[in-house]
$ cat target_29.tsv   # TSV, C-alpha atoms and all ligand atoms
chain	number	residue	atom	x	y	z
A	165	MET	CA	-23.83	-9.43	-28.71
A	166	ARG	CA	-26.54	-11.83	-29.82
A	167	GLU	CA	-29.90	-12.57	-28.32
A	168	GLU	CA	-30.79	-16.21	-28.14
A	169	HIS	CA	-33.57	-17.88	-26.19
A	170	GLY	CA	-34.13	-14.67	-24.29
A	171	ASN	CA	-30.51	-14.38	-23.16
A	172	VAL	CA	-27.91	-12.03	-24.48
A	173	GLY	CA	-24.33	-13.11	-24.78
A	174	PRO	CA	-21.23	-12.36	-26.79
A	175	VAL	CA	-20.95	-14.04	-30.15
A	176	MET	CA	-18.05	-14.61	-32.49
A	177	ILE	CA	-18.63	-15.03	-36.19
A	178	SER	CA	-16.37	-15.55	-39.15
A	179	LYS	CA	-16.69	-14.10	-42.63
A	180	GLY	CA	-20.04	-14.62	-44.28
A	181	GLU	CA	-21.71	-16.04	-41.20
A	182	ASP	CA	-25.06	-14.70	-40.06
A	183	PRO	CA	-24.72	-12.89	-36.74
A	184	GLY	CA	-28.36	-13.55	-35.78
A	185	ASP	CA	-30.29	-11.24	-33.48
A	186	VAL	CA	-27.70	-8.60	-32.78
A	187	ARG	CA	-28.11	-6.40	-29.72
A	188	THR	CA	-25.94	-3.34	-29.19
A	189	ASP	CA	-27.54	-1.91	-26.08
A	190	VAL	CA	-26.13	-4.38	-23.58
A	191	PRO	CA	-23.04	-3.26	-21.70
A	192	TYR	CA	-20.50	-6.03	-21.85
A	193	GLN	CA	-16.73	-6.13	-21.69
A	194	LEU	CA	-15.73	-7.63	-25.01
A	195	ILE	CA	-12.10	-6.66	-24.51
A	196	THR	CA	-11.86	-8.99	-21.52
A	197	ILE	CA	-12.98	-11.79	-23.82
A	198	LEU	CA	-10.65	-10.63	-26.56
A	199	SER	CA	-7.71	-10.73	-24.19
A	200	ASN	CA	-8.45	-14.40	-23.56
A	201	LEU	CA	-8.94	-15.15	-27.24
A	202	TYR	CA	-6.02	-13.24	-28.62
A	203	PRO	CA	-3.24	-15.69	-27.71
A	204	TRP	CA	-5.16	-18.45	-29.53
A	205	MET	CA	-5.63	-16.55	-32.77
A	206	THR	CA	-3.89	-17.95	-35.83
A	207	ASP	CA	-0.88	-15.89	-36.82
A	208	GLY	CA	-1.63	-13.16	-39.29
A	209	LYS	CA	-5.39	-13.38	-38.85
A	210	LYS	CA	-7.32	-10.34	-37.81
A	211	ILE	CA	-10.25	-9.84	-35.52
A	212	ALA	CA	-12.87	-7.13	-35.55
A	213	VAL	CA	-14.48	-6.13	-32.30
A	214	VAL	CA	-17.32	-3.81	-31.46
A	215	THR	CA	-15.83	-1.08	-29.30
A	216	ARG	CA	-17.43	1.58	-27.20
A	217	LYS	CA	-15.26	4.46	-26.09
A	218	CYS	CA	-14.19	2.61	-22.96
A	219	ASP	CA	-13.33	-0.50	-24.97
A	220	GLU	CA	-11.27	1.70	-27.22
A	221	LYS	CA	-9.36	2.98	-24.23
A	222	ALA	CA	-8.89	-0.54	-22.88
A	223	LEU	CA	-7.47	-1.54	-26.26
A	224	ALA	CA	-5.12	1.42	-26.08
A	225	GLU	CA	-3.80	0.07	-22.78
A	226	PHE	CA	-3.17	-3.29	-24.46
A	227	PHE	CA	-1.47	-1.77	-27.51
A	228	LYS	CA	0.69	0.43	-25.33
A	229	ARG	CA	2.01	-2.58	-23.47
A	230	GLY	CA	2.51	-4.56	-26.63
A	231	TYR	CA	0.01	-7.27	-25.74
A	232	PHE	CA	-1.95	-6.82	-28.96
A	233	ALA	CA	-0.60	-5.89	-32.38
A	234	ARG	CA	-2.36	-2.78	-33.56
A	235	ASP	CA	-2.95	-4.04	-37.09
A	236	ARG	CA	-4.62	-7.24	-35.98
A	237	VAL	CA	-7.52	-5.65	-34.18
A	238	ILE	CA	-10.14	-3.79	-36.17
A	239	GLN	CA	-12.45	-1.56	-34.21
A	240	ILE	CA	-16.13	-1.08	-34.97
A	241	GLY	CA	-17.15	2.02	-33.08
A	242	LEU	CA	-20.37	1.85	-31.10
A	243	ALA	CA	-21.90	4.90	-29.49
A	244	CYS	CA	-23.65	4.17	-26.21
A	245	ASN	CA	-27.26	5.18	-25.69
A	246	ARG	CA	-28.42	7.63	-23.04
A	247	GLU	CA	-29.44	4.93	-20.59
A	248	GLN	CA	-26.01	3.31	-20.70
A	249	ILE	CA	-24.28	6.64	-20.26
A	250	ARG	CA	-26.47	7.32	-17.27
A	251	GLN	CA	-25.66	3.98	-15.70
A	252	CYS	CA	-21.92	4.42	-16.11
A	253	ARG	CA	-22.01	8.13	-15.20
A	254	CYS	CA	-19.72	8.24	-18.22
A	255	SER	CA	-18.03	11.50	-19.04
A	256	ASP	CA	-16.56	10.48	-22.36
A	257	PRO	CA	-18.89	8.12	-24.25
A	258	VAL	CA	-18.25	8.87	-27.92
A	259	PRO	CA	-15.78	6.59	-29.76
A	260	SER	CA	-13.36	8.14	-32.23
A	261	VAL	CA	-15.25	6.60	-35.15
A	262	VAL	CA	-18.96	5.97	-34.77
A	263	ASP	CA	-20.13	3.08	-36.95
A	264	ILE	CA	-23.19	2.05	-34.98
A	265	GLY	CA	-25.59	4.14	-32.94
A	266	GLU	CA	-25.98	7.83	-32.30
A	267	PRO	CA	-23.44	9.78	-30.35
A	268	HIS	CA	-24.71	11.32	-27.12
A	269	GLY	CA	-22.83	13.66	-24.84
A	270	GLY	CA	-21.39	12.52	-21.56
A	271	LEU	CA	-22.24	13.45	-18.00
A	272	ASP	CA	-19.75	15.48	-15.99
A	273	THR	CA	-20.78	14.44	-12.54
A	274	ASP	CA	-21.21	11.29	-10.58
A	275	ALA	CA	-23.75	11.96	-7.87
A	276	LEU	CA	-22.29	9.44	-5.44
A	277	SER	CA	-18.73	10.78	-5.83
A	278	GLU	CA	-19.94	14.26	-5.08
A	279	LYS	CA	-21.92	13.06	-2.12
A	280	LEU	CA	-18.97	11.13	-0.73
A	281	MET	CA	-16.49	13.94	-1.11
A	282	ALA	CA	-18.89	16.31	0.61
A	283	MET	CA	-19.02	13.99	3.62
A	284	SER	CA	-16.64	14.16	6.53
A	285	SER	CA	-13.87	11.60	6.36
A	286	GLU	CA	-15.38	9.58	9.22
A	287	GLU	CA	-18.66	9.26	7.37
A	288	ARG	CA	-16.86	8.36	4.20
A	289	LEU	CA	-14.90	5.67	5.96
A	290	ARG	CA	-18.08	4.31	7.48
A	291	PHE	CA	-19.68	4.23	4.06
A	292	TRP	CA	-16.85	2.26	2.49
A	293	GLU	CA	-16.53	0.02	5.49
A	294	TYR	CA	-20.19	-0.89	5.17
A	295	GLN	CA	-19.75	-1.49	1.44
A	296	PHE	CA	-16.58	-3.54	1.68
A	297	ARG	CA	-18.03	-5.68	4.42
A	298	LYS	CA	-20.38	-7.05	1.78
A	299	CYS	CA	-17.54	-8.29	-0.40
A	300	ASN	CA	-17.42	-12.06	-0.67
A	301	LYS	CA	-14.07	-12.21	-2.43
A	302	CYS	CA	-15.56	-13.72	-5.58
A	303	PHE	CA	-12.99	-11.96	-7.77
A	304	ALA	CA	-15.69	-11.07	-10.29
A	305	CYS	CA	-14.43	-7.51	-10.34
A	306	THR	CA	-10.96	-8.71	-11.25
A	307	THR	CA	-11.97	-11.42	-13.68
A	308	ASN	CA	-14.23	-9.19	-15.70
A	309	CYS	CA	-12.02	-6.14	-15.71
A	310	PRO	CA	-10.54	-5.58	-19.16
A	311	VAL	CA	-7.33	-4.06	-17.86
A	312	CYS	CA	-6.59	-6.61	-15.12
A	313	PHE	CA	-4.06	-8.50	-17.16
A	314	CYS	CA	-1.25	-9.42	-14.80
A	315	ASP	CA	-0.30	-13.08	-14.94
A	316	GLU	CA	0.05	-13.20	-11.21
A	317	CYS	CA	-2.48	-11.18	-9.35
A	318	VAL	CA	-1.34	-9.50	-6.13
A	319	LEU	CA	-4.78	-10.10	-4.73
A	320	GLU	CA	-4.09	-13.80	-4.86
A	321	GLU	CA	-0.82	-13.37	-3.01
A	322	ARG	CA	-1.26	-14.58	0.53
A	323	THR	CA	0.94	-11.82	1.88
A	324	PHE	CA	-1.61	-9.22	0.96
A	325	VAL	CA	-4.95	-10.96	1.09
A	326	PRO	CA	-5.31	-13.85	3.52
A	327	GLU	CA	-6.26	-17.14	1.97
A	328	ARG	CA	-9.11	-17.71	4.34
A	329	GLY	CA	-11.70	-15.33	5.50
A	330	VAL	CA	-14.53	-13.49	3.90
A	331	PRO	CA	-14.79	-10.53	3.59
A	332	PRO	CA	-11.19	-10.07	2.58
A	333	GLY	CA	-10.63	-6.83	4.47
A	334	MET	CA	-9.97	-3.28	3.44
A	335	SER	CA	-6.57	-3.98	1.95
A	336	PHE	CA	-8.12	-6.00	-0.89
A	337	HIS	CA	-9.96	-2.95	-2.16
A	338	MET	CA	-7.20	-0.47	-1.42
A	339	ILE	CA	-4.64	-2.55	-3.25
A	340	ARG	CA	-6.96	-3.00	-6.19
A	341	ALA	CA	-7.59	0.72	-6.28
A	342	TYR	CA	-3.88	1.37	-6.38
A	343	HIS	CA	-3.20	-1.20	-9.05
A	344	LEU	CA	-5.82	0.22	-11.33
A	345	SER	CA	-4.99	3.85	-10.68
A	346	ASP	CA	-3.09	4.17	-13.95
A	347	LYS	CA	-5.10	1.62	-15.92
A	348	CYS	CA	-8.80	1.82	-15.07
A	349	ILE	CA	-10.74	3.14	-18.02
A	350	GLU	CA	-13.95	3.55	-16.05
A	351	CYS	CA	-16.00	1.05	-18.00
A	352	GLY	CA	-17.99	0.11	-14.93
A	353	GLU	CA	-17.76	-3.61	-15.53
A	354	CYS	CA	-16.56	-4.29	-11.97
A	355	GLU	CA	-19.57	-2.54	-10.53
A	356	ARG	CA	-21.94	-4.39	-12.85
A	357	SER	CA	-20.43	-7.76	-12.02
A	358	CYS	CA	-20.18	-7.31	-8.28
A	359	PRO	CA	-22.82	-9.55	-6.71
A	360	ALA	CA	-22.68	-7.49	-3.54
A	361	GLY	CA	-23.54	-4.28	-5.35
A	362	ILE	CA	-20.52	-2.35	-4.10
A	363	PRO	CA	-20.21	0.97	-5.97
A	364	LEU	CA	-16.75	0.08	-7.24
A	365	LEU	CA	-16.96	2.43	-10.20
A	366	THR	CA	-17.36	5.36	-7.85
A	367	LEU	CA	-14.14	4.46	-6.07
A	368	ARG	CA	-12.39	4.21	-9.46
A	369	LYS	CA	-13.74	7.58	-10.45
A	370	LEU	CA	-12.49	9.18	-7.23
A	371	VAL	CA	-9.00	7.78	-7.72
A	372	ALA	CA	-8.99	8.65	-11.41
A	373	ARG	CA	-9.85	12.23	-10.59
A	374	ASP	CA	-6.94	12.50	-8.16
A	375	PHE	CA	-4.60	10.84	-10.59
A	376	LYS	CA	-5.57	13.28	-13.31
A	377	GLU	CA	-5.09	16.19	-10.95
A	378	MET	CA	-1.64	15.06	-9.85
A	379	TYR	CA	-0.12	13.82	-13.06
A	380	GLY	CA	-2.44	15.06	-15.80
A	381	PHE	CA	-2.82	11.54	-17.06
A	382	SER	CA	-5.93	9.53	-17.77
A	383	PRO	CA	-5.72	5.85	-18.62
A	384	GLY	CA	-6.54	4.94	-22.19
A	385	ASP	CA	-4.21	7.53	-23.57
A	386	GLU	CA	-2.24	5.57	-26.11
A	387	LYS	CA	0.60	7.98	-26.61
A	388	THR	CA	1.82	8.58	-23.10
A	389	VAL	CA	3.32	6.14	-20.68
A	390	SER	CA	1.81	5.84	-17.26
A	391	PRO	CA	3.44	8.39	-14.95
A	392	LEU	CA	4.10	5.58	-12.50
A	393	LEU	CA	6.53	4.16	-15.03
A	394	THR	CA	8.50	7.31	-15.65
A	395	THR	CA	11.08	9.25	-13.71
A	396	LEU	CA	10.30	12.60	-12.14
A	397	GLU	CA	11.47	14.30	-15.31
A	398	GLY	CA	9.10	12.17	-17.32
A	399	GLU	CA	11.69	9.95	-18.96
A	400	SER	CA	10.54	6.43	-19.20
A	401	LEU	CA	12.15	3.91	-16.91
A	402	ASP	CA	13.72	1.45	-19.25
A	403	GLY	CA	15.45	-1.83	-18.64
A	404	ASP	CA	14.09	-4.60	-16.55
A	405	GLU	CA	10.71	-3.04	-16.02
A	406	CYS	CA	7.78	-5.17	-15.13
A	407	ASP	CA	5.08	-3.68	-17.28
A	408	GLU	CA	2.34	-5.31	-15.31
A	409	CYS	CA	2.48	-3.34	-12.15
B	819	MET	CA	-6.92	8.81	29.93
B	820	THR	CA	-3.34	8.03	29.12
B	821	GLU	CA	-1.74	9.79	26.25
B	822	PHE	CA	-2.16	8.08	22.92
B	823	LYS	CA	1.07	6.55	21.64
B	824	PRO	CA	0.84	5.75	17.96
B	825	THR	CA	2.44	2.69	16.44
B	826	ILE	CA	4.55	3.72	13.50
B	827	LEU	CA	6.17	1.65	10.81
B	828	ALA	CA	9.21	3.25	9.16
B	829	PHE	CA	10.59	1.77	5.97
B	830	CYS	CA	14.19	2.93	5.58
B	831	CYS	CA	16.30	2.28	2.53
B	832	ASN	CA	19.53	0.48	3.22
B	833	TRP	CA	21.85	2.96	1.55
B	834	CYS	CA	20.82	6.27	3.03
B	835	SER	CA	18.01	6.38	5.54
B	836	TYR	CA	18.97	3.26	7.42
B	837	ALA	CA	22.51	4.57	7.68
B	838	GLY	CA	20.98	7.86	8.81
B	839	ALA	CA	19.05	6.00	11.48
B	840	ASP	CA	22.26	4.29	12.49
B	841	LEU	CA	24.02	7.62	12.77
B	842	ALA	CA	21.16	8.96	14.88
B	843	GLY	CA	21.62	5.97	17.15
B	844	VAL	CA	25.38	6.31	17.36
B	845	SER	CA	24.98	10.01	18.13
B	846	ARG	CA	22.62	9.02	20.96
B	847	LEU	CA	19.76	11.16	19.76
B	848	GLN	CA	16.57	10.59	21.72
B	849	MET	CA	13.95	8.84	19.69
B	850	PRO	CA	10.32	7.96	20.43
B	851	PRO	CA	10.15	4.23	21.20
B	852	ASN	CA	7.02	3.53	19.19
B	853	VAL	CA	8.66	3.40	15.79
B	854	HIS	CA	9.42	0.10	14.15
B	855	VAL	CA	12.14	0.42	11.56
B	856	VAL	CA	12.10	-1.95	8.61
B	857	ARG	CA	15.20	-2.01	6.47
B	858	VAL	CA	14.56	-2.31	2.75
B	859	MET	CA	17.07	-2.19	-0.09
B	860	CYS	CA	15.55	0.85	-1.73
B	861	SER	CA	12.55	3.03	-1.04
B	862	ALA	CA	11.19	1.75	-4.36
B	863	SER	CA	11.01	-1.74	-2.96
B	864	VAL	CA	8.35	-0.56	-0.56
B	865	LYS	CA	5.41	-1.77	-2.57
B	866	PRO	CA	2.33	0.34	-1.96
B	867	GLU	CA	0.66	-2.96	-1.11
B	868	TYR	CA	2.73	-3.20	2.06
B	869	VAL	CA	1.67	0.27	3.08
B	870	MET	CA	-1.97	-0.53	2.37
B	871	LYS	CA	-1.76	-3.75	4.31
B	872	ALA	CA	-0.13	-2.10	7.30
B	873	ILE	CA	-2.74	0.63	7.38
B	874	SER	CA	-5.63	-1.75	6.94
B	875	GLN	CA	-4.34	-3.84	9.82
B	876	GLY	CA	-4.37	-0.89	12.13
B	877	ILE	CA	-0.87	0.62	12.07
B	878	ASP	CA	-1.31	4.29	12.91
B	879	GLY	CA	1.23	5.70	10.51
B	880	VAL	CA	3.64	4.58	7.83
B	881	LEU	CA	6.80	6.48	7.10
B	882	VAL	CA	8.77	5.79	3.95
B	883	LEU	CA	12.31	7.12	3.95
B	884	GLY	CA	14.73	7.04	1.06
B	885	CYS	CA	17.79	8.73	-0.34
B	886	HIS	CA	17.42	12.26	-1.66
B	887	VAL	CA	16.26	12.41	-5.27
B	888	GLY	CA	19.34	11.96	-7.41
B	889	ASP	CA	21.18	9.95	-4.75
B	890	CYS	CA	19.32	6.67	-4.97
B	891	HIS	CA	21.69	3.74	-5.07
B	892	TYR	CA	19.65	2.34	-7.93
B	893	MET	CA	19.56	5.63	-9.85
B	894	THR	CA	15.83	6.12	-10.35
B	895	GLY	CA	14.38	4.01	-7.57
B	896	ASN	CA	13.15	6.88	-5.50
B	897	HIS	CA	11.65	8.66	-8.51
B	898	ARG	CA	9.22	5.80	-8.54
B	899	THR	CA	8.53	6.05	-4.83
B	900	ALA	CA	7.98	9.76	-5.19
B	901	LYS	CA	5.23	9.07	-7.69
B	902	ARG	CA	3.64	6.10	-6.01
B	903	MET	CA	3.24	7.36	-2.48
B	904	PRO	CA	1.05	10.34	-3.44
B	905	VAL	CA	-1.32	7.89	-5.14
B	906	VAL	CA	-1.42	5.85	-1.94
B	907	GLN	CA	-2.21	8.99	0.03
B	908	LYS	CA	-5.02	9.92	-2.32
B	909	ILE	CA	-6.56	6.48	-2.02
B	910	LEU	CA	-6.48	6.79	1.76
B	911	LYS	CA	-8.21	10.12	1.42
B	912	ASP	CA	-10.83	8.70	-0.94
B	913	ILE	CA	-11.85	5.94	1.41
B	914	GLY	CA	-11.98	8.31	4.34
B	915	LEU	CA	-8.64	8.05	6.13
B	916	ASN	CA	-6.30	10.91	6.74
B	917	GLU	CA	-3.65	11.06	4.06
B	918	LYS	CA	-1.15	12.30	6.63
B	919	ARG	CA	-0.93	8.76	7.97
B	920	VAL	CA	1.51	8.02	5.18
B	921	ARG	CA	4.54	10.20	4.72
B	922	LEU	CA	7.44	10.09	2.35
B	923	ASP	CA	10.67	11.86	3.16
B	924	TRP	CA	14.31	11.80	2.18
B	925	VAL	CA	17.09	11.27	4.72
B	926	SER	CA	20.70	10.80	3.69
B	927	ALA	CA	23.35	8.76	5.51
B	928	ALA	CA	24.82	11.93	7.01
B	929	GLU	CA	21.55	13.27	8.34
B	930	GLY	CA	21.21	11.66	11.74
B	931	GLU	CA	19.61	14.77	13.13
B	932	LYS	CA	17.18	15.05	10.29
B	933	PHE	CA	16.22	11.44	10.86
B	934	GLN	CA	15.38	12.21	14.46
B	935	LYS	CA	13.46	15.32	13.48
B	936	VAL	CA	11.42	13.51	10.83
B	937	ILE	CA	10.53	10.73	13.25
B	938	VAL	CA	9.60	13.07	16.09
B	939	ASP	CA	7.51	15.25	13.75
B	940	PHE	CA	5.71	12.31	12.30
B	941	VAL	CA	4.99	10.71	15.67
B	942	ASP	CA	3.59	14.02	16.92
B	943	GLU	CA	1.45	14.46	13.88
B	944	VAL	CA	0.03	10.96	13.98
B	945	ALA	CA	-0.55	11.28	17.73
B	946	LYS	CA	-2.67	14.33	16.93
B	947	LEU	CA	-4.66	12.37	14.36
B	948	GLY	CA	-5.50	9.76	16.95
B	949	PRO	CA	-5.65	5.99	16.55
B	950	ASN	CA	-6.17	4.51	13.12
B	951	PRO	CA	-9.94	3.99	12.81
B	952	LEU	CA	-9.30	0.74	10.93
B	953	LYS	CA	-7.99	-0.76	14.15
B	954	GLU	CA	-11.58	-1.15	15.23
B	955	VAL	CA	-12.65	-2.53	11.90
B	956	ARG	CA	-12.25	-6.25	12.09
B	957	PHE	CA	-13.22	-8.18	9.05
A	1001	LIG	S1	-14.27	0.29	-14.26
A	1001	LIG	FE1	-13.79	-1.61	-13.13
A	1001	LIG	S2	-13.80	-3.22	-14.70
A	1001	LIG	FE2	-13.65	-1.25	-15.79
A	1001	LIG	S3	-11.45	-0.89	-16.07
A	1001	LIG	FE3	-12.03	0.13	-14.15
A	1001	LIG	S4	-11.63	-1.39	-12.54
A	1001	LIG	FE4	-11.66	-2.51	-14.50
A	1002	LIG	S1	-16.98	-8.43	-7.39
A	1002	LIG	FE1	-17.67	-7.47	-5.46
A	1002	LIG	S2	-17.94	-9.18	-4.02
A	1002	LIG	FE2	-16.71	-9.97	-5.73
A	1002	LIG	S3	-14.56	-9.68	-5.07
A	1002	LIG	FE3	-15.11	-7.86	-6.25
A	1002	LIG	S4	-15.82	-6.38	-4.72
A	1002	LIG	FE4	-15.85	-8.40	-3.74
A	1003	LIG	S1	18.56	3.24	-2.43
A	1003	LIG	FE1	17.81	4.77	-1.08
A	1003	LIG	S2	16.00	5.35	-2.15
A	1003	LIG	FE2	16.82	3.93	-3.55

$ encode --input "target_29.tsv" --output "structure tokens"
Amino acid sequence: MREEHGNVGPVMISKGEDPGDVRTDVPYQLITILSNLYPWMTDGKKIAVVTRKCDEKALAEFFKRGYFARDRVIQIGLACNREQIRQCRCSDPVPSVVDIGEPHGGLDTDALSEKLMAMSSEERLRFWEYQFRKCNKCFACTTNCPVCFCDECVLEERTFVPERGVPPGMSFHMIRAYHLSDKCIECGECERSCPAGIPLLTLRKLVARDFKEMYGFSPGDEKTVSPLLTTLEGESLDGDECDEC
Amino acid sequence: MTEFKPTILAFCCNWCSYAGADLAGVSRLQMPPNVHVVRVMCSASVKPEYVMKAISQGIDGVLVLGCHVGDCHYMTGNHRTAKRMPVVQKILKDIGLNEKRVRLDWVSAAEGEKFQKVIVDFVDEVAKLGPNPLKEVRF
């Protein structure tokens, strides 16, 4: 990330170029950008990207599905500062290799999750209803999400989300929650980009917790296949699988 | 107040559960009238999106029926369903709906009676839960 004229934005440099005023304390989903860049990269060339722990997990999801070649992406580990960890309520902030920054421990609890789960289901429903009513269907949450990589998004399918009408209804958020249940790496980008300020990360965290409880799987784990793509015995479903959904 | 009659959507796979439903019909088993049966080729073709959409549009309960594990016409179709539906239920729970509004069960072609039992049970249970609160939520 580079600071220029008071604004911070992502920057790409090639060998020997001066990166300028580098900032490392701004949360930003570089993997989303990388996923757009990658198809345009010259064959055989490599790219280095600054990765926080969540970026690392997002990359793992890409490698696992064969979207990126492992040897073409070099990771520069960045440890998040305390403030960032607090904002993301991140439980696992330290990348496997720390090149920049000081590692800090994660937080185990998300206050809002706890509060919601302590509520009665009626109250919880009212809370989410109020939140989702604010949605203006801008698709920022989807566009900025590193692991939303399907070519055809179900949320753009008229069967599931009507073409007209804002807010888009509960199903928009429920379907998104389902689709990300085995992919979301809890980077918090959706919550940061949502202009309506919907606590989307909290919903992700709730689903992730259930998913972990049921199948013992957390997204970002490079070695195991998503349980949704395996049989009950854990064998992977081969053949004409669509690896997007 | 009249008794609450839930509206139920039942997805039945073509090869077992739908045949089971057929058998139940042929055997003249009494069935609650508020169940809409949708025939699908396999329980795995019931995308969770359909369930979510039905629930968010105010259907009181969704029942997904397939062949017993091991008997799926497409070998591992229902393994997938068996893993997806619990996720759907958890999401319902997380946003504040009762996870019992979605149920997955297995009914074979020979189990007409089981079909009836599953339907009656589910209708009773959903009737106890009351109307889907999302029915009132219009946006
Ligand atoms: S936290 Fe949001 S943006 Fe990040 S991976 Fe999960 S759904 Fe996508
Ligand atoms: S970013 Fe927020 S307002 Fe935009 S579509 Fe997503 S949830 Fe709705
Ligand atoms: S064909 Fe019946 S569950 Fe797959």

$ axis_aligned_box --input "target_29.tsv" --around "ligand LIG 1003 (chain A)" --padding-each-side "3 Å" --output "AutoDock Vina command-line options"
--center_x 17.3 --center_y 4.3 --center_z -2.3 --size_x 8.6 --size_y 8.1 --size_z 8.5

$ interface_residues --input "target_29.tsv" --of "chain A" --to "chain B" --cutoff "6 Å" --atoms "only C-alpha atoms" --output "VMD selection string"
chain A and resid 285 288 to 289 333 to 335 339 395 to 396

$ write_last_selection --input "target_29.tsv" --atoms "C-alpha atoms" --output "PDB file, in the coordinates of the input"
ATOM      1  CA  SER A 285     -13.870  11.600   6.360  1.00  0.00           C
ATOM      2  CA  ARG A 288     -16.860   8.360   4.200  1.00  0.00           C
ATOM      3  CA  LEU A 289     -14.900   5.670   5.960  1.00  0.00           C
ATOM      4  CA  GLY A 333     -10.630  -6.830   4.470  1.00  0.00           C
ATOM      5  CA  MET A 334      -9.970  -3.280   3.440  1.00  0.00           C
ATOM      6  CA  SER A 335      -6.570  -3.980   1.950  1.00  0.00           C
ATOM      7  CA  ILE A 339      -4.640  -2.550  -3.250  1.00  0.00           C
ATOM      8  CA  THR A 395      11.080   9.250 -13.710  1.00  0.00           C
ATOM      9  CA  LEU A 396      10.300  12.600 -12.140  1.00  0.00           C
TER      10      LEU A 396
END

$ residues_near_ligand --input "target_29.tsv" --ligand "ligand LIG 1001 (chain A)" --cutoff "6 Å" --atoms "only C-alpha atoms and all ligand atoms" --output "VMD selection string"
chain A and resid 309 to 311 348 to 354 365

$ residues_near_ligand --input "target_29.tsv" --ligand "ligand LIG 1002 (chain A)" --cutoff "9 Å" --atoms "only C-alpha atoms and all ligand atoms" --output "list in words"
Gln295, Phe296, Arg297, Lys298, Cys299, Asn300, Lys301, Cys302, Phe303, Ala304, Cys305, Thr306, Thr307, Asn308, Pro331, Pro332, Phe336, His337, Cys354, Glu355, Arg356, Ser357, Cys358, Pro359, Ala360, Gly361, Ile362, Pro363 and Leu364 of chain A

$ residues_around --input "target_29.tsv" --residues "B:Ala842" --least-positions-apart "3" --cutoff "10 Å" --atoms "only C-alpha atoms" --output "MDAnalysis selection string"
chainID B and resid 836:839 845:849 927:934

$ residues_near_ligand --input "target_29.tsv" --ligand "ligand LIG 1003 (chain A)" --cutoff "6 Å" --atoms "all atoms listed in the file" --output "mmCIF file with C-alpha atoms, in the coordinates of the input"
data_model
loop_
_atom_site.group_PDB
_atom_site.id
_atom_site.type_symbol
_atom_site.label_atom_id
_atom_site.label_comp_id
_atom_site.auth_asym_id
_atom_site.auth_seq_id
_atom_site.Cartn_x
_atom_site.Cartn_y
_atom_site.Cartn_z
ATOM 1 C CA CYS B 831 16.300 2.280 2.530
ATOM 2 C CA TRP B 833 21.850 2.960 1.550
ATOM 3 C CA CYS B 834 20.820 6.270 3.030
ATOM 4 C CA CYS B 860 15.550 0.850 -1.730
ATOM 5 C CA SER B 861 12.550 3.030 -1.040
ATOM 6 C CA GLY B 884 14.730 7.040 1.060
ATOM 7 C CA CYS B 885 17.790 8.730 -0.340
ATOM 8 C CA CYS B 890 19.320 6.670 -4.970
ATOM 9 C CA HIS B 891 21.690 3.740 -5.070
ATOM 10 C CA TYR B 892 19.650 2.340 -7.930
ATOM 11 C CA GLY B 895 14.380 4.010 -7.570
ATOM 12 C CA ASN B 896 13.150 6.880 -5.500
#

$ closest_residue --input "target_29.tsv" --among "A:Pro174, A:Pro391, A:Gly398, A:Pro326" --to "A:Ser345" --atoms "only C-alpha atoms"
A:Pro391

$ closest_residue --input "target_29.tsv" --among "B:Lys865, B:His886, B:Lys918, B:Arg857" --to "B:Lys946" --atoms "only C-alpha atoms"
B:Lys918

$ atom_distance --input "target_29.tsv" --atom1 "atom CA of A:Asp385" --atom2 "atom CA of A:Lys228"
8.8 Å

$ atom_distance --input "target_29.tsv" --atom1 "atom CA of B:Phe940" --atom2 "atom CA of A:His343"
26.8 Å

$ residues_around --input "target_29.tsv" --residues "A:Val389" --least-positions-apart "6" --cutoff "12 Å" --atoms "all atoms listed in the file" --output "ChimeraX atom specification"
/A:224-225,227-229,346-347,379-383,395,398-402,407

$ residues_near_point --input "target_29.tsv" --point "(-26.1, 0.7, -25.6)" --cutoff "9 Å" --atoms "all atoms listed in the file" --output "PyMOL selection string"
chain A and resi 187-191+216+242-249+265

$ atom_distance --input "target_29.tsv" --atom1 "atom CA of A:Arg368" --atom2 "atom CA of A:Leu344"
7.9 Å

$ residues_around --input "target_29.tsv" --residues "stretch 947-950 of chain B" --least-positions-apart "6" --cutoff "8 Å" --atoms "all atoms listed in the file" --output "ChimeraX atom specification"
/B:822,824,873,876-879,916

$ residues_around --input "target_29.tsv" --residues "A:Gly173" --least-positions-apart "3" --cutoff "12 Å" --atoms "only C-alpha atoms" --output "ChimeraX atom specification"
/A:165-170,176,183-194,197

$ closest_residue --input "target_29.tsv" --among "B:Ala828, B:Val858, B:Pro851, B:Lys953" --to "B:Val936" --atoms "only C-alpha atoms"
B:Ala828

$ closest_residue --input "target_29.tsv" --among "A:Lys210, A:Leu370, A:Glu377, A:Asp256" --to "A:Lys279" --atoms "all atoms listed in the file"
A:Leu370
